[in-house]
Amino acid sequence: MAQQHLEPTDPTARVVTGDALAGYLRAQATEFLRALRLHRETGPAGTAEESVDAARALRRSARRISGSLHTFRPLLETDWSEEIRPELAWLSGTLGLEHAYEARLERLLLALHRLSGSTTLPGQATSEGTVERGSLTVGAAKAGALLDRQLTLARTRAHSTALQALGSSRFHAVADKVAVLASEVPLTAAAPTADLRPLASAAEERLTDAVAALPLVTAGHPYNAEALVHGLSPDPAPHPQDGPWHQVRLLLRLHRYAREVLCGGGAPVDVRLLSAGQALNRHRDASEAAAAAAAAARTPRIAPATAYALGVLHADQRHEVEAARFAFQQAWQKQRVEAV
């Protein structure tokens with residue numbers, strides 16, 4: 001399909017040089033330092049919401065700095081860029097784990113609640129101390145309790161890991177580099193006058209190529225039985241179909257960040273890209289929730305009703321994966337049609 005041609009009114013149609021990249025990186029570094037200051041000011045006395053907001057802002061800036069360093073790396077000093085980029089990825093991943101486990105548990109408990117038809121959340125008893133209707137509901141209550149134990153423990157460990165990371169010398173080294181970046185961006189000699197658009201276009205082409213390799217025809221069907229084949233197998237490896245989709249999600253993010261750089265941080269919201277990104281986020285969440293249900297189902301010596309409920313839950317989340325793929329297909333094809 002023909003590539004999109006930028007209209008003269010599009011802000012990315014004008015020449016954008018390395019000076020714009022430097023300005024974007026300085027702005028993101030400043031946001032990083034502001035979030036870090038907020039995190040330190042809230043401290044133990046701060047509310048959980050304040051702590052989450054500060055961590056989210058840190059991750060947001062770290063992702064944008066790291067993504068921009070990746071897309072525009074030919075214009076940056078190689079040693080410095082290759083040194084800080086993986087450290088920013090480490091920080092973003094570490095800070096995101098606690099929230100990911102919390103969201104995963106909430107998603108799975110709500111799904112169990114919906115699947116069981118119970119008026120109480122899975123793992124909760126009624127006022128009479130019994131669980132409602134049928135073997136699935138009994139299994140759902142025990143499955144919910146098992147998932148609660150496992151994911152709450154994982155969340156607690158992730159919280160401790162994040163606190164240790166924020167107090168480590170490794171993090172302080174990253175913060176020091178970002179502080180320097182807020183005032184001085186290590187561009188190459190030719191970067192200030194170099195046009196950023198070819199590198200941004202290359203990022204978009206990598207995304208387009210990765211989407212073209214996805215099994216969108218299969219994703220276009222409401223049910224993909226092949227997606228369930230490996231779900232409860234003894235092999236704990238990730239589902240073989242999910243990797244390319246996760247990669248597309250990362251490439252879409254890099255494309256969005258490149259657009260932000262070209263537009264000076266004020267890129268207009270592209271509703272089609274936003275919809276595609278939301279579908280891929282749902283895909284990731286459902287995929288990881290299905291994996292958590294499958295892992296719980298492998299717990300030794302659980303009751304058959306519990307294992308059955310976890311199997312139903314796993315299948316439900318794999319259906320959610322397929323629904324997210326279908327939603328992405330619709331959003332992406334709409335974008336391609338309107339871009340031509």
# chains A, B, ... in the order shown; residues from 1 in each chain; ligands from 1
$ residues_around --residues "Glu288 of chain A" --least-positions-apart "5" --cutoff "10 Å" --atoms "only C-alpha atoms" --output "count of residues only"
13
$ residues_around --residues "segment 137-152 of chain A" --least-positions-apart "6" --cutoff "10 Å" --atoms "only C-alpha atoms" --output "PyMOL selection string"
chain A and resi 98+100-106+108-113+115-118+120-125+130-131+158+292-293+295-297+299+302-313
$ residues_around --residues "segment 74-80 of chain A" --least-positions-apart "3" --cutoff "9 Å" --atoms "only C-alpha atoms" --output "list in words"
Gly18, Leu69, His70, Thr71, Glu83, Ile84, Arg85, Val185, Pro186, Leu187, Thr188, Ala189, Ala190, Ala191, Pro192, Ala194, Leu196 and Leu199 of chain A
$ closest_residue --among "A:Tyr24, A:Trp90, A:Trp332, A:Phe32" --to "Val248 of chain A" --atoms "only C-alpha atoms"
A:Trp332
$ atom_distance --atom1 "atom CA of His39 of chain A" --atom2 "atom CA of Ala258 of chain A"
27.6 Å
$ closest_residue --among "A:Arg26, A:Lys177, A:Arg59, A:His159" --to "Ser81 of chain A" --atoms "only C-alpha atoms"
A:Lys177
$ atom_distance --atom1 "atom CA of Thr17 of chain A" --atom2 "atom CA of Ala62 of chain A"
22.3 Å
$ residues_around --residues "Gln28 of chain A" --least-positions-apart "5" --cutoff "12 Å" --atoms "only C-alpha atoms" --output "number ranges by chain"
A: 21-23, 33-35, 57-69, 178-179, 181-183, 185, 257, 260-261, 264-265
$ write_last_selection --atoms "N, CA, C and O atoms" --output "tab-separated table (two decimals), in the first residue's frame"
chain	number	residue	atom	x	y	z
A	21	LEU	N	15.33	17.95	18.34
A	21	LEU	CA	15.57	16.76	19.16
A	21	LEU	C	16.19	17.15	20.50
A	21	LEU	O	15.78	16.64	21.55
A	22	ALA	N	17.16	18.07	20.45
A	22	ALA	CA	17.79	18.52	21.70
A	22	ALA	C	16.77	19.17	22.62
A	22	ALA	O	16.74	18.92	23.83
A	23	GLY	N	15.89	20.01	22.04
A	23	GLY	CA	14.87	20.65	22.86
A	23	GLY	C	13.90	19.65	23.46
A	23	GLY	O	13.51	19.77	24.63
A	33	LEU	N	13.11	15.00	36.13
A	33	LEU	CA	13.63	15.57	37.38
A	33	LEU	C	12.49	16.12	38.24
A	33	LEU	O	12.52	16.01	39.47
A	34	ARG	N	11.47	16.69	37.59
A	34	ARG	CA	10.31	17.19	38.34
A	34	ARG	C	9.58	16.02	39.01
A	34	ARG	O	9.16	16.12	40.17
A	35	ALA	N	9.41	14.92	38.28
A	35	ALA	CA	8.75	13.75	38.85
A	35	ALA	C	9.58	13.16	39.99
A	35	ALA	O	9.03	12.70	41.00
A	57	ALA	N	4.94	9.32	36.19
A	57	ALA	CA	5.60	10.42	35.48
A	57	ALA	C	7.06	10.10	35.21
A	57	ALA	O	7.59	10.44	34.14
A	58	LEU	N	7.72	9.44	36.17
A	58	LEU	CA	9.11	9.02	35.94
A	58	LEU	C	9.19	8.06	34.76
A	58	LEU	O	10.06	8.19	33.89
A	59	ARG	N	8.29	7.09	34.74
A	59	ARG	CA	8.30	6.10	33.68
A	59	ARG	C	7.99	6.76	32.33
A	59	ARG	O	8.60	6.42	31.31
A	60	ARG	N	7.05	7.68	32.33
A	60	ARG	CA	6.66	8.35	31.09
A	60	ARG	C	7.86	9.08	30.47
A	60	ARG	O	8.13	8.94	29.28
A	61	SER	N	8.58	9.83	31.27
A	61	SER	CA	9.73	10.57	30.75
A	61	SER	C	10.86	9.62	30.37
A	61	SER	O	11.51	9.81	29.33
A	62	ALA	N	11.09	8.59	31.19
A	62	ALA	CA	12.16	7.64	30.88
A	62	ALA	C	11.90	6.93	29.57
A	62	ALA	O	12.82	6.73	28.76
A	63	ARG	N	10.65	6.55	29.31
A	63	ARG	CA	10.31	5.87	28.05
A	63	ARG	C	10.55	6.79	26.86
A	63	ARG	O	11.06	6.36	25.82
A	64	ARG	N	10.15	8.05	27.00
A	64	ARG	CA	10.30	8.98	25.88
A	64	ARG	C	11.75	9.30	25.60
A	64	ARG	O	12.16	9.42	24.44
A	65	ILE	N	12.55	9.45	26.64
A	65	ILE	CA	13.97	9.70	26.42
A	65	ILE	C	14.61	8.48	25.77
A	65	ILE	O	15.31	8.60	24.75
A	66	SER	N	14.34	7.31	26.32
A	66	SER	CA	14.93	6.08	25.78
A	66	SER	C	14.48	5.83	24.35
A	66	SER	O	15.29	5.49	23.48
A	67	GLY	N	13.19	6.02	24.08
A	67	GLY	CA	12.68	5.80	22.73
A	67	GLY	C	13.28	6.77	21.72
A	67	GLY	O	13.61	6.37	20.59
A	68	SER	N	13.43	8.02	22.11
A	68	SER	CA	14.02	9.01	21.20
A	68	SER	C	15.49	8.72	20.95
A	68	SER	O	15.99	8.90	19.84
A	69	LEU	N	16.19	8.27	21.98
A	69	LEU	CA	17.59	7.91	21.79
A	69	LEU	C	17.72	6.74	20.81
A	69	LEU	O	18.69	6.66	20.05
A	178	VAL	N	20.55	12.09	33.55
A	178	VAL	CA	19.38	12.83	33.09
A	178	VAL	C	19.48	14.30	33.48
A	178	VAL	O	19.08	15.19	32.73
A	179	ALA	N	20.03	14.55	34.66
A	179	ALA	CA	20.21	15.94	35.09
A	179	ALA	C	21.13	16.70	34.14
A	179	ALA	O	20.88	17.87	33.81
A	181	LEU	N	21.52	15.89	31.01
A	181	LEU	CA	20.77	15.97	29.76
A	181	LEU	C	19.82	17.16	29.76
A	181	LEU	O	19.53	17.73	28.70
A	182	ALA	N	19.32	17.54	30.92
A	182	ALA	CA	18.40	18.66	31.00
A	182	ALA	C	19.03	19.98	30.55
A	182	ALA	O	18.32	20.93	30.21
A	183	SER	N	20.35	20.03	30.55
A	183	SER	CA	21.01	21.27	30.14
A	183	SER	C	21.93	21.09	28.94
A	183	SER	O	22.21	22.04	28.21
A	185	VAL	N	22.69	18.33	25.69
A	185	VAL	CA	22.39	17.11	24.93
A	185	VAL	C	23.59	16.77	24.06
A	185	VAL	O	24.03	17.60	23.27
A	257	TYR	N	6.42	8.61	19.66
A	257	TYR	CA	7.43	9.50	20.24
A	257	TYR	C	8.16	10.27	19.15
A	257	TYR	O	8.49	11.46	19.34
A	260	GLU	N	6.15	13.15	18.21
A	260	GLU	CA	6.25	14.19	19.22
A	260	GLU	C	7.50	15.03	19.01
A	260	GLU	O	7.47	16.26	19.15
A	261	VAL	N	8.62	14.37	18.69
A	261	VAL	CA	9.87	15.10	18.47
A	261	VAL	C	9.72	16.05	17.28
A	261	VAL	O	10.09	17.23	17.35
A	264	GLY	N	7.75	19.12	18.10
A	264	GLY	CA	8.18	19.90	19.26
A	264	GLY	C	7.50	19.53	20.55
A	264	GLY	O	7.31	20.36	21.43
A	265	GLY	N	7.10	18.26	20.68
A	265	GLY	CA	6.43	17.80	21.89
A	265	GLY	C	4.95	18.05	21.90
A	265	GLY	O	4.24	17.57	22.78
$ atom_distance --atom1 "atom CA of Val16 of chain A" --atom2 "atom CA of Arg206 of chain A"
20.4 Å
$ closest_residue --among "A:Val174, A:Gly167, A:Arg37, A:Leu251" --to "Pro86 of chain A" --atoms "only C-alpha atoms"
A:Val174
